[in-house]
Amino acid sequence: MSEFDTVLVVDFGAQYAQLIARRVRECHVYSEIVPSTMPVSEMLAKKPKAIILSGGPASVYAEGAPSVPEGLFETGVPTLGICYGFQAMAQALGGRVARTGVAEYGGTELKVLHEGVLFAGLPAVQSVWMSHGDSVVEPPPGFTISAATEATPVAAMEDPRRGLYGVQFHPEVIHSEHGKAVLKHFLDAAGCRPTWTMLNIVEDAVEAVREQIGDGRAICGLSGGVDSAVAAAIVHRAIGDRLTCVFVDHGLLRKGEAEQVERDFVAATGVKLRVVDASDRFLKALAGVRDPEEKRKIIGREFIRVFEDEARAIRATAGGPVDFLVQGTLYPDVVESGHGTGTANIKSHHNVGGLPEDLKFTLVEPLRTLFKDEVRRAGEELGLPPAIVWRQPFPGPGLAIRIVGEVTRERLDLLREADAIAREELSRAGLDRDIWQCPVVLLADVRSVGVQGDGRTYGHPVVLRPVTSEDAMTADWARVPYDVLSRISTRITNELPEINRVVLDVTSKPPGTIEWE
């Protein structure tokens, strides 16, 4: 395995903890998120080269507010505090934090008072992203104030002798124009080596899979998306023909998707592929179910059951057991399902939160620590074609969670056609790389009054949900040109008479998730 340094991001409940981790990785240094409740001894067991304390929603002086793990600043590990982490550091070391009555939110002008380590070679005046109501009004002994704003006299501080640094602003946010440089200066000062490259990531993943599976056999659920494709390619490189990919057509796919999987992925990798038509089985299991969490868990359960059936069939012809199941679980899946450190359960992902308790496979998850953009780069490193690497994300539960209401064959057929129209028009407009994904949601239990020709209609509304994102942890609604939206709306309502209204979702994430269910 490659040797690389590790940076721990201590999560105080920050909205941007995952973004901090991503920015560190962009500097080719591995990062991992841990909860603020983790004892220092457990942190040190991970052999961190540096530690970053994240922001958080609490006030450091409020009752029950999370505190810095006891003994952290005595470890000698270089540490950077950001926002709440900055204030927690100041308070723990003898500084003073107070609510001054002046808050700062959004873009703010920062004046560098002392270049020191963090601001070396950077402009004396720069724009940063602030989001705080409390402020450090007095730094701890031994610290130098290195930057200030009009409202915040201690906007950054450092004590290089002890390897301790802090900033009130958010360097991880793109709106802090030199934020990435500030983070890199800290990483350099901590001695972090930029050795975590995509080549190393792929090689290490292959080696880890080879070690985990040994002489065993594995099957992989192939969806046609980049996650399962990259996971399968890594495992195939590790164990060759002892991997069999299984494509389960659960009847919840988009138009033309099954044919694309059979054609493109096999041609690109040469892996063994079994195709299973299980659409009747899934529809029967979903009959009468309206709750989105229940849908996800049913789909996860049935997915595994189909795999167990296929494993038995493969075992009968392979001459040995098939004990391993490959899944394209990503880091955001783990975090949002509450399986990450210090995270709340936002929703169940079929890859993680929806697995049956009596699972009969050992899971192989080579992408579990990666974000989506990193998976795409790994796909390119593995030589997968652009059509697979850059395919828009599609949830494992498929169109079932884009139907608000019961899932039926008729509703799936209707949504499948509406989705195909939207994807076709977005592609025709050249927006495939600009839009992260565009779910089309059928409000199946809602009826809308309309007029078509000389008569009144009582049809379903559909929602267009185009979003832009880097990693699906946060997202903004995509500003699709009006003429493109008009063509999509006109085609859907003209070609699908059961739909008489098309609406646009303009909610960011947070507060809304990308999918409606």
# chains A, B, ... in the order shown; residues from 1 in each chain; ligands from 1
>>> select_by_dssp(residues="region 52-242 of chain A", states="strand (DSSP E)", output="compact mmCIF listing (two decimals) with C-alpha atoms, in the first residue's frame")
# COMPACT_ATOMS: atom_id res chain seq x y z
CA ILE A 52 -8.56 20.76 11.24
CA LEU A 53 -11.37 21.85 13.56
CA THR A 79 -4.01 22.18 14.15
CA LEU A 80 -6.11 24.69 12.23
CA GLY A 81 -9.39 26.01 13.64
CA ILE A 82 -12.09 27.26 11.24
CA ARG A 96 -11.94 35.34 24.93
CA VAL A 97 -15.01 34.75 22.74
CA ALA A 98 -18.06 36.99 22.91
CA ARG A 99 -21.16 38.06 21.01
CA THR A 100 -20.27 41.60 20.01
CA GLY A 101 -23.63 42.47 18.50
CA VAL A 102 -22.17 42.57 15.01
CA ALA A 103 -22.48 39.49 12.82
CA GLU A 104 -20.87 38.81 9.45
CA TYR A 105 -22.47 36.70 6.75
CA GLY A 106 -21.34 36.29 3.15
CA GLY A 107 -18.54 38.04 1.31
CA THR A 108 -16.40 40.19 3.61
CA GLU A 109 -13.25 42.24 3.08
CA LEU A 110 -10.30 40.86 5.06
CA LYS A 111 -7.16 42.87 5.82
CA VAL A 112 -3.93 40.95 6.41
CA VAL A 125 -6.74 42.83 1.16
CA GLN A 126 -8.90 39.92 0.03
CA SER A 127 -12.50 38.77 0.00
CA VAL A 128 -13.47 35.92 2.35
CA TRP A 129 -16.72 34.13 3.23
CA MET A 130 -17.94 34.74 6.75
CA SER A 131 -20.81 33.15 8.68
CA HIS A 132 -20.68 33.99 12.40
CA GLY A 133 -22.40 35.89 15.19
CA ASP A 134 -19.74 35.31 17.88
CA SER A 135 -16.20 36.63 17.62
CA VAL A 136 -12.79 36.11 19.18
CA VAL A 137 -12.24 39.44 20.94
CA GLU A 138 -8.93 38.51 22.56
CA THR A 144 -0.22 36.74 16.76
CA ILE A 145 -3.27 38.38 15.19
CA SER A 146 -2.70 37.95 11.46
CA ALA A 147 -5.91 39.34 9.91
CA ALA A 148 -8.96 41.45 10.74
CA ALA A 156 -7.13 35.07 12.01
CA MET A 157 -4.37 34.16 14.43
CA GLU A 158 -1.38 31.85 14.61
CA ASP A 159 1.26 30.46 16.89
CA LEU A 164 -1.59 26.21 16.03
CA TYR A 165 -3.57 28.37 13.60
CA GLY A 166 -7.09 29.73 13.34
CA VAL A 167 -9.33 31.67 10.93
CA ALA A 218 -17.43 -11.83 -6.11
CA ILE A 219 -20.48 -10.47 -7.82
CA CYS A 220 -21.16 -6.81 -8.51
CA GLY A 221 -24.46 -5.09 -9.00
>>> residues_around(residues="region 499-513 of chain A", least_positions_apart="3", cutoff="7 Å", atoms="only C-alpha atoms", output="list in words")
Gly450, Gly459, His460, Pro461, Val462, Val463, Leu464, Arg465, Thr474, Ala475, Asp476, Trp477, Ser489, Thr493, Leu496 and Trp516 of chain A
>>> closest_residue(among="A:Ile213, A:Ala58, A:Leu8, A:Val182", to="Pro366 (chain A)", atoms="only C-alpha atoms")
A:Ile213
>>> atom_distance(atom1="CA of Leu370 (chain A)", atom2="CA of Val266 (chain A)")
24.2 Å
>>> atom_distance(atom1="CA of Ala268 (chain A)", atom2="CA of Arg376 (chain A)")
15.3 Å
>>> atom_distance(atom1="CA of Tyr16 (chain A)", atom2="CA of Lys372 (chain A)")
16.1 Å
>>> select_by_dssp(residues="region 97-214 of chain A", states="helix (DSSP H, G or I)", output="list in words")
Gly179, Lys180, Ala181, Val182, Leu183, Lys184, His185, Phe186, Leu187, Asp188, Ala189, Met198, Leu199, Asn200, Ile201, Val202, Glu203, Asp204, Ala205, Val206, Glu207, Ala208, Val209, Arg210, Glu211, Gln212 and Ile213 of chain A
>>> residues_around(residues="region 229-238 of chain A", least_positions_apart="3", cutoff="8 Å", atoms="only C-alpha atoms", output="ChimeraX atom specification")
/A:202,205-207,209-210,220,222-226,241-243,245,265,269,271,326-328,365-367,375,378-379,382,384,388
>>> write_last_selection(atoms="N, CA and C atoms", output="CSV table (one decimal), in the first residue's frame")
chain,number,residue,atom,x,y,z
A,202,VAL,N,-6.2,4.4,-7.0
A,202,VAL,CA,-6.6,3.2,-7.8
A,202,VAL,C,-5.7,2.0,-7.4
A,205,ALA,N,-6.6,0.8,-4.0
A,205,ALA,CA,-7.9,0.2,-4.0
A,205,ALA,C,-7.9,-1.2,-4.5
A,206,VAL,N,-7.1,-1.4,-5.6
A,206,VAL,CA,-7.0,-2.7,-6.2
A,206,VAL,C,-6.3,-3.7,-5.3
A,207,GLU,N,-5.2,-3.2,-4.6
A,207,GLU,CA,-4.5,-4.0,-3.7
A,207,GLU,C,-5.4,-4.4,-2.5
A,209,VAL,N,-8.7,-4.7,-2.4
A,209,VAL,CA,-9.7,-5.6,-2.8
A,209,VAL,C,-9.0,-7.0,-3.0
A,210,ARG,N,-7.9,-7.1,-3.6
A,210,ARG,CA,-7.2,-8.3,-3.7
A,210,ARG,C,-6.9,-9.0,-2.4
A,220,CYS,N,-21.0,-8.3,-8.6
A,220,CYS,CA,-21.2,-6.8,-8.5
A,220,CYS,C,-22.5,-6.4,-9.2
A,222,LEU,N,-24.4,-4.1,-11.2
A,222,LEU,CA,-24.1,-3.0,-12.2
A,222,LEU,C,-25.3,-2.3,-12.5
A,223,SER,N,-25.3,-0.9,-12.3
A,223,SER,CA,-26.4,-0.1,-12.6
A,223,SER,C,-26.3,0.7,-13.9
A,224,GLY,N,-25.1,0.8,-14.4
A,224,GLY,CA,-24.8,1.6,-15.6
A,224,GLY,C,-24.3,2.9,-15.2
A,225,GLY,N,-24.3,3.3,-13.9
A,225,GLY,CA,-23.8,4.5,-13.4
A,225,GLY,C,-22.3,4.5,-13.2
A,226,VAL,N,-21.7,5.6,-13.0
A,226,VAL,CA,-20.2,5.6,-12.8
A,226,VAL,C,-19.8,5.0,-11.6
A,241,ASP,N,-11.4,-12.8,-13.8
A,241,ASP,CA,-12.7,-13.5,-14.1
A,241,ASP,C,-13.4,-14.0,-12.9
A,242,ARG,N,-12.8,-13.9,-11.7
A,242,ARG,CA,-13.5,-14.4,-10.6
A,242,ARG,C,-14.6,-13.4,-10.1
A,243,LEU,N,-14.7,-12.3,-10.9
A,243,LEU,CA,-15.8,-11.3,-10.7
A,243,LEU,C,-16.9,-11.5,-11.8
A,245,CYS,N,-20.4,-9.7,-13.0
A,245,CYS,CA,-21.3,-8.5,-12.8
A,245,CYS,C,-22.7,-9.0,-13.1
A,265,PHE,N,-20.8,-1.0,-21.2
A,265,PHE,CA,-19.9,-1.5,-20.1
A,265,PHE,C,-19.1,-2.7,-20.5
A,269,THR,N,-15.0,-3.1,-20.7
A,269,THR,CA,-14.2,-3.8,-19.7
A,269,THR,C,-14.0,-5.3,-20.0
A,271,VAL,N,-15.9,-7.6,-18.8
A,271,VAL,CA,-16.2,-8.4,-17.7
A,271,VAL,C,-17.4,-9.4,-18.1
A,326,VAL,N,-19.9,-6.7,-4.4
A,326,VAL,CA,-19.3,-5.4,-4.6
A,326,VAL,C,-20.4,-4.3,-4.8
A,327,GLN,N,-20.2,-3.2,-4.1
A,327,GLN,CA,-21.1,-2.1,-4.2
A,327,GLN,C,-20.4,-0.8,-4.4
A,328,GLY,N,-21.0,0.1,-5.1
A,328,GLY,CA,-20.4,1.4,-5.4
A,328,GLY,C,-20.7,2.5,-4.4
A,365,GLU,N,-16.5,-2.6,-0.8
A,365,GLU,CA,-16.8,-1.2,-1.1
A,365,GLU,C,-15.6,-0.4,-1.4
A,366,PRO,N,-15.0,-0.5,-2.6
A,366,PRO,CA,-13.7,0.2,-2.9
A,366,PRO,C,-13.8,1.7,-3.0
A,367,LEU,N,-15.0,2.2,-3.1
A,367,LEU,CA,-15.2,3.7,-3.2
A,367,LEU,C,-15.7,4.4,-2.0
A,375,VAL,N,-14.3,9.8,-7.9
A,375,VAL,CA,-14.7,8.5,-8.6
A,375,VAL,C,-14.6,8.7,-10.1
A,378,ALA,N,-11.0,8.6,-11.0
A,378,ALA,CA,-10.6,7.2,-10.9
A,378,ALA,C,-11.1,6.4,-12.2
A,379,GLY,N,-12.3,6.7,-12.6
A,379,GLY,CA,-12.8,6.0,-13.9
A,379,GLY,C,-11.9,6.4,-15.1
A,382,LEU,N,-8.8,4.4,-14.9
A,382,LEU,CA,-9.0,3.0,-15.3
A,382,LEU,C,-9.3,2.8,-16.7
A,384,LEU,N,-12.1,3.9,-18.5
A,384,LEU,CA,-13.5,3.8,-18.8
A,384,LEU,C,-13.9,4.9,-19.8
A,388,ILE,N,-19.6,6.6,-19.8
A,388,ILE,CA,-19.8,6.0,-18.5
A,388,ILE,C,-19.4,7.0,-17.4
>>> closest_residue(among="A:Gly251, A:Gly71, A:Pro466, A:Gly270", to="Phe282 (chain A)", atoms="only C-alpha atoms")
A:Gly251
>>> closest_residue(among="A:Val306, A:Val60, A:Ala14, A:Val261", to="Val276 (chain A)", atoms="only C-alpha atoms")
A:Val306
>>> closest_atom_pairs(of="region 197-296 of chain A", to="region 396-404 of chain A", cutoff="9 Å", atoms="only C-alpha atoms", output="CSV")
residue,atom,partner,partner_atom,distance
A:Ser223,CA,A:Gly396,CA,7.4
A:His250,CA,A:Gly398,CA,8.7
A:Gly251,CA,A:Gly398,CA,8.7
A:Leu252,CA,A:Leu399,CA,5.1
A:Leu253,CA,A:Gly398,CA,5.7
A:Arg254,CA,A:Leu399,CA,7.3
A:Leu286,CA,A:Ala400,CA,8.7
A:Arg290,CA,A:Val404,CA,7.3
A:Asp291,CA,A:Val404,CA,8.7
A:Pro292,CA,A:Ile401,CA,6.5
A:Lys295,CA,A:Ala400,CA,7.3
A:Arg296,CA,A:Pro397,CA,6.2
